[in-house]
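Structure file final-v2.txt; described as compact mmCIF, C-alpha atoms.
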# COMPACT_ATOMS: atom_id res chain seq x y z
CA MET Q 14 -14.41 -12.46 -71.51
CA ASN Q 15 -15.90 -9.45 -73.21
CA GLU Q 16 -18.99 -9.73 -71.03
CA PHE Q 17 -16.81 -9.79 -67.91
CA MET Q 18 -14.93 -6.70 -69.04
CA GLU Q 19 -18.16 -4.94 -69.76
CA ASN Q 20 -19.52 -5.73 -66.27
CA LEU Q 21 -16.23 -4.91 -64.53
CA PRO Q 22 -16.97 -1.20 -63.92
CA ALA Q 23 -20.37 -2.01 -62.44
CA MET Q 24 -18.90 -4.76 -60.26
CA ALA Q 25 -16.09 -2.48 -59.13
CA THR Q 26 -18.58 0.21 -58.26
CA GLN Q 27 -20.82 -2.23 -56.41
CA TYR Q 28 -18.11 -3.90 -54.36
CA GLY Q 29 -16.20 -0.65 -53.95
CA MET Q 30 -19.23 0.90 -52.32
CA LYS Q 31 -19.54 -2.08 -50.00
CA VAL Q 32 -15.90 -1.80 -49.01
CA LEU Q 33 -16.27 1.91 -48.40
CA ALA Q 34 -19.40 1.26 -46.34
CA GLY Q 35 -17.53 -1.33 -44.28
CA VAL Q 36 -14.60 1.03 -43.70
CA ALA Q 37 -16.99 3.86 -42.79
CA ILE Q 38 -18.78 1.62 -40.27
CA LEU Q 39 -15.42 0.61 -38.80
CA VAL Q 40 -14.18 4.18 -38.44
CA ILE Q 41 -17.44 5.66 -37.18
CA GLY Q 42 -18.09 2.64 -34.97
CA ARG Q 43 -14.70 3.02 -33.35
CA MET Q 44 -15.42 6.66 -32.63
CA LEU Q 45 -18.84 5.81 -31.18
CA ALA Q 46 -17.37 3.02 -29.07
CA GLY Q 47 -14.84 5.46 -27.64
CA LEU Q 48 -17.60 7.98 -27.01
CA ALA Q 49 -19.73 5.32 -25.30
CA ARG Q 50 -16.78 4.37 -23.09
CA SER Q 51 -16.34 8.02 -22.10
CA ILE Q 52 -20.07 8.41 -21.36
CA ILE Q 53 -20.08 5.25 -19.22
CA GLN Q 54 -17.05 6.47 -17.27
CA LYS Q 55 -18.58 9.89 -16.61
CA ALA Q 56 -21.99 8.47 -15.68
CA MET Q 57 -20.54 5.95 -13.23
CA THR Q 58 -18.21 8.58 -11.77
CA ARG Q 59 -21.14 10.95 -11.19
CA ALA Q 60 -22.99 8.07 -9.54
CA LYS Q 61 -19.97 7.72 -7.19
CA VAL Q 62 -19.28 4.17 -8.28
CA ASP Q 63 -15.94 2.73 -7.15
CA GLU Q 64 -13.14 3.85 -9.50
CA THR Q 65 -11.96 0.28 -9.97
CA LEU Q 66 -15.36 -0.82 -11.25
CA VAL Q 67 -15.59 2.27 -13.49
CA LYS Q 68 -12.37 1.49 -15.34
CA PHE Q 69 -13.07 -2.22 -15.61
CA THR Q 70 -16.65 -1.79 -16.87
CA SER Q 71 -15.68 0.86 -19.43
CA SER Q 72 -12.85 -1.33 -20.78
CA VAL Q 73 -15.09 -4.38 -21.15
CA SER Q 74 -17.83 -2.27 -22.77
CA TYR Q 75 -15.37 -0.84 -25.30
CA VAL Q 76 -14.10 -4.30 -26.29
CA ALA Q 77 -17.65 -5.64 -26.68
CA LEU Q 78 -18.74 -2.66 -28.80
CA MET Q 79 -15.67 -2.96 -31.03
CA ALA Q 80 -16.43 -6.65 -31.62
CA LEU Q 81 -19.95 -5.66 -32.71
CA VAL Q 82 -18.55 -2.93 -34.98
CA VAL Q 83 -16.14 -5.35 -36.68
CA VAL Q 84 -18.94 -7.87 -37.35
CA SER Q 85 -21.17 -5.08 -38.75
CA ALA Q 86 -18.38 -3.82 -41.01
CA ILE Q 87 -17.75 -7.30 -42.37
CA SER Q 88 -21.46 -7.76 -43.01
CA ALA Q 89 -21.61 -4.43 -44.86
CA MET Q 90 -18.78 -5.59 -47.12
CA GLY Q 91 -20.95 -8.48 -48.30
CA ILE Q 92 -19.14 -11.21 -46.43
CA PRO Q 93 -21.66 -13.71 -44.94
CA THR Q 94 -21.54 -13.19 -41.20
CA THR Q 95 -23.00 -16.63 -40.44
CA SER Q 96 -20.01 -18.44 -41.84
CA PHE Q 97 -17.74 -15.75 -40.44
CA VAL Q 98 -19.13 -16.22 -36.93
CA ALA Q 99 -18.66 -19.97 -37.26
CA VAL Q 100 -15.06 -19.49 -38.36
CA LEU Q 101 -14.58 -16.93 -35.63
CA GLY Q 102 -15.97 -19.37 -33.08
CA ALA Q 103 -13.60 -22.10 -34.18
CA ALA Q 104 -10.71 -19.67 -34.18
CA GLY Q 105 -11.80 -18.41 -30.79
CA LEU Q 106 -11.70 -21.93 -29.42
CA ALA Q 107 -8.18 -22.45 -30.73
CA VAL Q 108 -7.05 -19.08 -29.44
CA GLY Q 109 -8.73 -19.76 -26.11
CA LEU Q 110 -6.80 -22.98 -25.69
CA ALA Q 111 -3.59 -21.17 -26.58
CA LEU Q 112 -4.35 -18.29 -24.27
CA GLN Q 113 -5.58 -20.10 -21.19
CA GLY Q 114 -3.37 -17.93 -19.00
CA SER Q 115 -4.86 -14.73 -20.39
CA LEU Q 116 -8.39 -16.02 -19.95
CA GLY Q 117 -7.50 -16.97 -16.38
CA ASN Q 118 -6.24 -13.44 -15.82
CA PHE Q 119 -9.52 -12.09 -17.19
CA ALA Q 120 -11.52 -14.33 -14.85
CA SER Q 121 -9.34 -13.21 -11.95
CA GLY Q 122 -10.01 -9.59 -12.86
CA VAL Q 123 -13.76 -10.23 -12.78
CA LEU Q 124 -13.44 -11.90 -9.37
CA MET Q 125 -11.48 -8.94 -8.00
CA ILE Q 126 -14.18 -6.56 -9.19
CA ILE Q 127 -16.89 -8.68 -7.56
CA PHE Q 128 -15.24 -9.40 -4.22
CA LYS Q 129 -13.16 -6.20 -3.99
CA PRO Q 130 -10.12 -7.31 -1.95
CA PHE Q 131 -8.74 -3.83 -2.66
CA LYS Q 132 -9.50 -0.71 -4.66
CA VAL Q 133 -7.54 1.92 -6.54
CA GLY Q 134 -5.42 3.92 -4.09
CA ASP Q 135 -4.98 1.12 -1.53
CA PHE Q 136 -1.50 0.12 -0.39
CA VAL Q 137 -1.30 -3.66 -0.74
CA GLU Q 138 1.12 -6.54 -0.97
CA ALA Q 139 0.12 -8.95 -3.73
CA GLY Q 140 1.90 -11.13 -6.24
CA GLY Q 141 5.14 -10.66 -4.32
CA VAL Q 142 5.07 -6.86 -4.73
CA ALA Q 143 4.07 -4.10 -2.31
CA GLY Q 144 2.72 -0.82 -3.65
CA VAL Q 145 -0.25 1.46 -4.27
CA ILE Q 146 -2.92 0.17 -6.66
CA GLU Q 147 -3.13 2.45 -9.69
CA GLU Q 148 -5.37 0.44 -12.01
CA ILE Q 149 -7.14 -2.92 -12.17
CA GLY Q 150 -7.33 -3.86 -15.84
CA ILE Q 151 -8.94 -6.71 -17.71
CA PHE Q 152 -5.81 -8.84 -17.59
CA ASN Q 153 -3.32 -6.99 -15.36
CA THR Q 154 -3.13 -4.95 -12.17
CA GLU Q 155 -0.82 -1.94 -12.04
CA LEU Q 156 0.96 -0.90 -8.83
CA LYS Q 157 3.30 1.94 -7.94
CA THR Q 158 5.98 0.96 -5.44
CA GLY Q 159 7.34 3.15 -2.69
CA ASP Q 160 10.37 4.08 -4.80
CA ASN Q 161 8.06 5.13 -7.68
CA LYS Q 162 8.41 2.07 -9.89
CA LYS Q 163 5.48 0.91 -12.00
CA VAL Q 164 4.85 -2.83 -11.64
CA ILE Q 165 2.36 -4.72 -13.82
CA ILE Q 166 1.15 -8.00 -12.32
CA PRO Q 167 -1.08 -10.55 -14.11
CA ASN Q 168 -4.43 -10.77 -12.33
CA GLY Q 169 -3.99 -14.52 -11.93
CA ALA Q 170 -0.82 -13.98 -9.91
CA VAL Q 171 -2.66 -11.50 -7.69
CA THR Q 172 -5.59 -13.76 -6.82
CA GLY Q 173 -3.44 -16.90 -6.78
CA GLY Q 174 -1.58 -15.88 -3.60
CA ASN Q 175 -2.06 -14.03 -0.34
CA ILE Q 176 -3.23 -10.43 -0.53
CA THR Q 177 -2.34 -8.06 2.30
CA ASN Q 178 -4.30 -4.81 2.20
CA TYR Q 179 -2.65 -2.30 4.51
CA SER Q 180 -5.26 0.36 3.72
CA ALA Q 181 -8.36 -1.74 4.42
CA ASN Q 182 -8.76 -0.52 8.02
CA ASP Q 183 -8.62 3.00 9.41
CA THR Q 184 -6.11 2.17 12.14
CA ARG Q 185 -2.92 0.09 12.45
CA ARG Q 186 -0.73 -1.04 15.31
CA VAL Q 187 2.94 -0.05 15.35
CA ASP Q 188 5.05 -2.97 16.61
CA LEU Q 189 8.45 -2.07 18.06
CA VAL Q 190 10.91 -4.30 19.91
CA VAL Q 191 13.28 -2.45 22.26
CA GLY Q 192 16.24 -4.22 23.86
CA VAL Q 193 17.82 -2.98 27.11
CA GLY Q 194 20.65 -4.31 29.25
CA TYR Q 195 20.14 -6.76 32.09
CA GLY Q 196 21.57 -4.18 34.49
CA ASP Q 197 18.98 -1.50 33.60
CA ASP Q 198 16.00 -0.70 35.84
CA LEU Q 199 12.95 -2.10 34.06
CA ASP Q 200 10.55 0.21 35.91
CA LYS Q 201 12.54 3.21 34.73
CA VAL Q 202 12.63 1.82 31.18
CA LYS Q 203 8.86 1.32 31.07
CA LYS Q 204 8.22 4.77 32.55
CA THR Q 205 10.49 6.35 29.93
CA LEU Q 206 8.69 4.51 27.13
CA GLN Q 207 5.31 5.66 28.49
CA GLU Q 208 6.53 9.27 28.50
CA ILE Q 209 7.73 8.91 24.91
CA LEU Q 210 4.35 7.57 23.79
CA ALA Q 211 2.50 10.29 25.71
CA GLY Q 212 4.53 12.93 23.88
CA GLU Q 213 3.52 11.65 20.44
CA SER Q 214 0.22 13.32 19.55
CA ARG Q 215 -0.49 11.00 16.60
CA ILE Q 216 -0.84 7.95 18.85
CA LEU Q 217 -4.48 7.05 19.51
CA PRO Q 218 -5.72 6.83 23.12
CA GLU Q 219 -7.84 3.79 22.26
CA PRO Q 220 -6.87 1.00 22.08
CA GLU Q 221 -4.40 1.75 24.85
CA PRO Q 222 -0.71 1.27 23.93
CA THR Q 223 0.96 -1.89 25.20
CA ILE Q 224 4.39 -1.94 26.85
CA GLY Q 225 5.62 -5.25 28.20
CA VAL Q 226 8.62 -7.53 28.64
CA ALA Q 227 8.55 -10.02 25.77
CA GLU Q 228 11.80 -11.96 26.02
CA LEU Q 229 14.90 -12.53 28.12
CA ALA Q 230 17.30 -12.81 25.21
CA ASP Q 231 20.97 -13.75 25.16
CA SER Q 232 22.27 -10.18 25.25
CA SER Q 233 19.25 -8.07 26.23
CA VAL Q 234 15.88 -7.84 27.86
CA ASN Q 235 13.44 -7.24 24.99
CA LEU Q 236 10.32 -5.14 25.49
CA VAL Q 237 7.46 -4.72 23.03
CA VAL Q 238 6.02 -1.26 22.39
CA ARG Q 239 2.67 -1.38 20.57
CA PRO Q 240 0.74 1.87 20.10
CA TRP Q 241 -2.18 2.32 17.68
CA VAL Q 242 -2.26 5.04 15.02
CA ASN Q 243 -4.26 6.08 11.99
CA THR Q 244 -3.20 4.08 8.95
CA ALA Q 245 -1.83 7.17 7.18
CA ASP Q 246 0.40 7.91 10.20
CA TYR Q 247 1.94 4.44 10.50
CA TRP Q 248 5.37 5.02 8.96
CA PRO Q 249 5.89 8.60 10.22
CA VAL Q 250 5.08 7.52 13.78
CA LYS Q 251 7.24 4.40 13.60
CA PHE Q 252 10.24 6.38 12.39
CA ALA Q 253 9.68 9.14 14.96
CA LEU Q 254 9.32 6.71 17.87
CA THR Q 255 12.45 4.77 16.91
CA GLU Q 256 14.51 7.96 16.83
CA GLU Q 257 13.01 9.36 20.05
CA ILE Q 258 13.59 6.10 21.95
CA LYS Q 259 17.29 6.19 21.05
CA LYS Q 260 17.65 9.83 22.11
CA ARG Q 261 15.76 9.41 25.41
CA PHE Q 262 17.59 6.22 26.33
CA ASP Q 263 20.92 7.98 25.79
CA LYS Q 264 19.73 10.89 27.93
CA GLU Q 265 18.44 8.63 30.72
CA GLY Q 266 21.53 6.43 30.69
CA ILE Q 267 19.60 3.34 29.57
CA SER Q 268 21.76 0.98 27.56
CA ILE Q 269 20.79 -0.57 24.25
CA PRO Q 270 22.99 -3.68 24.08
CA PHE Q 271 24.22 -5.33 20.91
CA PRO Q 272 25.18 -8.97 20.40
CA GLN Q 273 28.58 -9.69 21.86
CA GLN Q 274 30.71 -12.71 22.61
CA ASP Q 275 33.32 -13.34 25.30
CA VAL Q 276 36.44 -15.18 24.16
CA HIS Q 277 38.47 -16.97 26.84
CA MET Q 278 42.05 -17.90 26.00
CA HIS Q 279 43.76 -20.72 27.84
CA GLN Q 280 47.52 -21.08 27.81
CA VAL Q 281 48.66 -24.61 27.15
CA SER Q 282 52.07 -25.49 28.56
The structure given in the file should be rewritten as structure tokens.
Amino acid sequence: MNEFMENLPAMATQYGMKVLAGVAILVIGRMLAGLARSIIQKAMTRAKVDETLVKFTSSVSYVALMALVVVSAISAMGIPTTSFVAVLGAAGLAVGLALQGSLGNFASGVLMIIFKPFKVGDFVEAGGVAGVIEEIGIFNTELKTGDNKKVIIPNGAVTGGNITNYSANDTRRVDLVVGVGYGDDLDKVKKTLQEILAGESRILPEPEPTIGVAELADSSVNLVVRPWVNTADYWPVKFALTEEIKKRFDKEGISIPFPQQDVHMHQVS
């Protein structure tokens, strides 16, 4: 007992220094990992690498470096890393089984980076949500909806369903259905629609807009109006055309019918 008490200061000094060394490695290592992440981001940005890949690569690099820092800190504290790695591996297996969904999300994130169905800034519909891609993370994808809501979707849900990328191509077709009365002059209707399209400067000359009779419906003759526009002009042009068609039809005396039903009453004696 006396011998233990005599050696206690030396042991405290020895192990205290190891603990301090481990803590120092952890603190400095964390700072260096953050610095490395920043350097990677700047270097890839200067190289004009896709922003999605920049964020994903920097995040994965930071996690990997922090894992190395933690192992180094434990080793500096005098804890055998061989047995620690074995325990960590067993724990990792158990955690992996418990977190299969998260690992699936990680794998989905890697696939999205490789195949690039969309990039940051694209307007997409994925996982049942439509919005602008703000960030593709390791496990989740962040979108901003049209009404400025932030939606976080697991990567597995994104890749597990259909993905519609509205920003993938430079041009889009505006599809409008216009109903007119059976008593209206179709030639006049088509000429009026052509004049409306000709007056909209944002409509592209090629491919040529399509105007045609699509259906003889119960209450109206339905025509399709299909001009092509730049993707960024899709909604402004669609709104403008819808409003202008209503105004011109009123001016030209062209009717826009609505569903109606005739009721016949029979008197029973």
(request) Could you tell me which of Q:Val191, Q:Met90, Q:Leu66, Q:Ile176 comes closest to Gly150 in chain Q if we count all atoms listed in the file? (result) Q:Leu66
(message) For a quick check of your reading of the model, name the residues lying within 12 Å of the coordinate (-5.4, 2.3, -2.2), counting only C-alpha atoms, and write them as a PyMOL selection string.
(response) chain Q and resi 63-65+129-138+143-149+155-158+177-182+244-245
Can I get the selected residues back with C-alpha atoms, as a compact mmCIF listing (two decimals), keeping the file's coordinate frame?
# COMPACT_ATOMS: atom_id res chain seq x y z
CA ASP Q 63 -15.94 2.73 -7.15
CA GLU Q 64 -13.14 3.85 -9.50
CA THR Q 65 -11.96 0.28 -9.97
CA LYS Q 129 -13.16 -6.20 -3.99
CA PRO Q 130 -10.12 -7.31 -1.95
CA PHE Q 131 -8.74 -3.83 -2.66
CA LYS Q 132 -9.50 -0.71 -4.66
CA VAL Q 133 -7.54 1.92 -6.54
CA GLY Q 134 -5.42 3.92 -4.09
CA ASP Q 135 -4.98 1.12 -1.53
CA PHE Q 136 -1.50 0.12 -0.39
CA VAL Q 137 -1.30 -3.66 -0.74
CA GLU Q 138 1.12 -6.54 -0.97
CA ALA Q 143 4.07 -4.10 -2.31
CA GLY Q 144 2.72 -0.82 -3.65
CA VAL Q 145 -0.25 1.46 -4.27
CA ILE Q 146 -2.92 0.17 -6.66
CA GLU Q 147 -3.13 2.45 -9.69
CA GLU Q 148 -5.37 0.44 -12.01
CA ILE Q 149 -7.14 -2.92 -12.17
CA GLU Q 155 -0.82 -1.94 -12.04
CA LEU Q 156 0.96 -0.90 -8.83
CA LYS Q 157 3.30 1.94 -7.94
CA THR Q 158 5.98 0.96 -5.44
CA THR Q 177 -2.34 -8.06 2.30
CA ASN Q 178 -4.30 -4.81 2.20
CA TYR Q 179 -2.65 -2.30 4.51
CA SER Q 180 -5.26 0.36 3.72
CA ALA Q 181 -8.36 -1.74 4.42
CA ASN Q 182 -8.76 -0.52 8.02
CA THR Q 244 -3.20 4.08 8.95
CA ALA Q 245 -1.83 7.17 7.18
Identify, on the basis of all atoms listed in the file, every residue whose closest approach to Glu265 in chain Q does not exceed 9 Å; exclude the query and any residue fewer than 2 positions from it along the same chain; express the result as a PDB file with C-alpha atoms, in the frame of the given file.
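part01.pdb was written with the following content:
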ATOM      1  CA  LYS Q 201      12.540   3.210  34.730  1.00  0.00           C
ATOM      2  CA  VAL Q 202      12.630   1.820  31.180  1.00  0.00           C
ATOM      3  CA  THR Q 205      10.490   6.350  29.930  1.00  0.00           C
ATOM      4  CA  LYS Q 260      17.650   9.830  22.110  1.00  0.00           C
ATOM      5  CA  ARG Q 261      15.760   9.410  25.410  1.00  0.00           C
ATOM      6  CA  PHE Q 262      17.590   6.220  26.330  1.00  0.00           C
ATOM      7  CA  ASP Q 263      20.920   7.980  25.790  1.00  0.00           C
ATOM      8  CA  ILE Q 267      19.600   3.340  29.570  1.00  0.00           C
ATOM      9  CA  SER Q 268      21.760   0.980  27.560  1.00  0.00           C
TER      10      SER Q 268
END
(message) Let me make sure I understand: among Q:Gly174, Q:Met79, Q:Pro167, Q:Glu256, which one has the smallest atom-to-atom distance to Leu116 in chain Q if we use only C-alpha atoms?
(response)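 The shortest atom-to-atom distance to Leu116 in chain Q comes from Q:Pro167.
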(request) State, in Å with one decimal place, the distance from CA of Lys204 in chain Q to CA of Trp241 in chain Q. (result) 18.3 Å
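Relative to CA of Val123 in chain Q, CA of Ser85 in chain Q is found at 27.5 Å.
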(message) Rounded to one decimal, what separation in Å do you get between CA of Ile209 in chain Q and CA of Lys264 in chain Q?
(response)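 CA of Lys264 in chain Q lies 12.5 Å from CA of Ile209 in chain Q.
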(message) From the options Q:Ile224, Q:Asp188, Q:Lys203, Q:Leu229, which residue's atoms come nearest to Phe252 in chain Q, counting all atoms listed in the file?
(response) Q:Asp188
(message) Set the distance at 12 Å and use all atoms listed in the file: which residues neighbour Ala80 in chain Q once local chain neighbours fewer than 6 positions away are removed? I'd like the list as a ChimeraX atom specification.
(response) /Q:39,42-43,46,73-74,86-87,98,101
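Proximity of Q:Ile126, Q:Ile38, Q:Val76, Q:Val67 to Ile52 in chain Q, computed with all atoms listed in the file, is greatest for Q:Val67.
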(request) Considering only C-alpha atoms, state which residue in the set Q:Met44, Q:Ala77, Q:Phe69, Q:Val281 is at the smallest distance from Ile127 in chain Q. (result)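 Among the listed residues, the smallest separation from Ile127 in chain Q belongs to Q:Phe69.
Around the point (3.8, 4.7, 22.0), within 8 Å and counting only C-alpha atoms, we find these residues: Q:Leu206, Q:Gln207, Q:Ile209, Q:Leu210, Q:Ala211, Q:Glu213, Q:Ile216, Q:Pro222, Q:Thr223, Q:Val238, Q:Arg239, Q:Pro240, Q:Trp241, Q:Leu254.
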(message) Taking all atoms listed in the file into account, name the residue in Q:Gly194, Q:Leu48, Q:Thr184, Q:Val83 that is nearest to Ser71 in chain Q.
(response) Q:Leu48
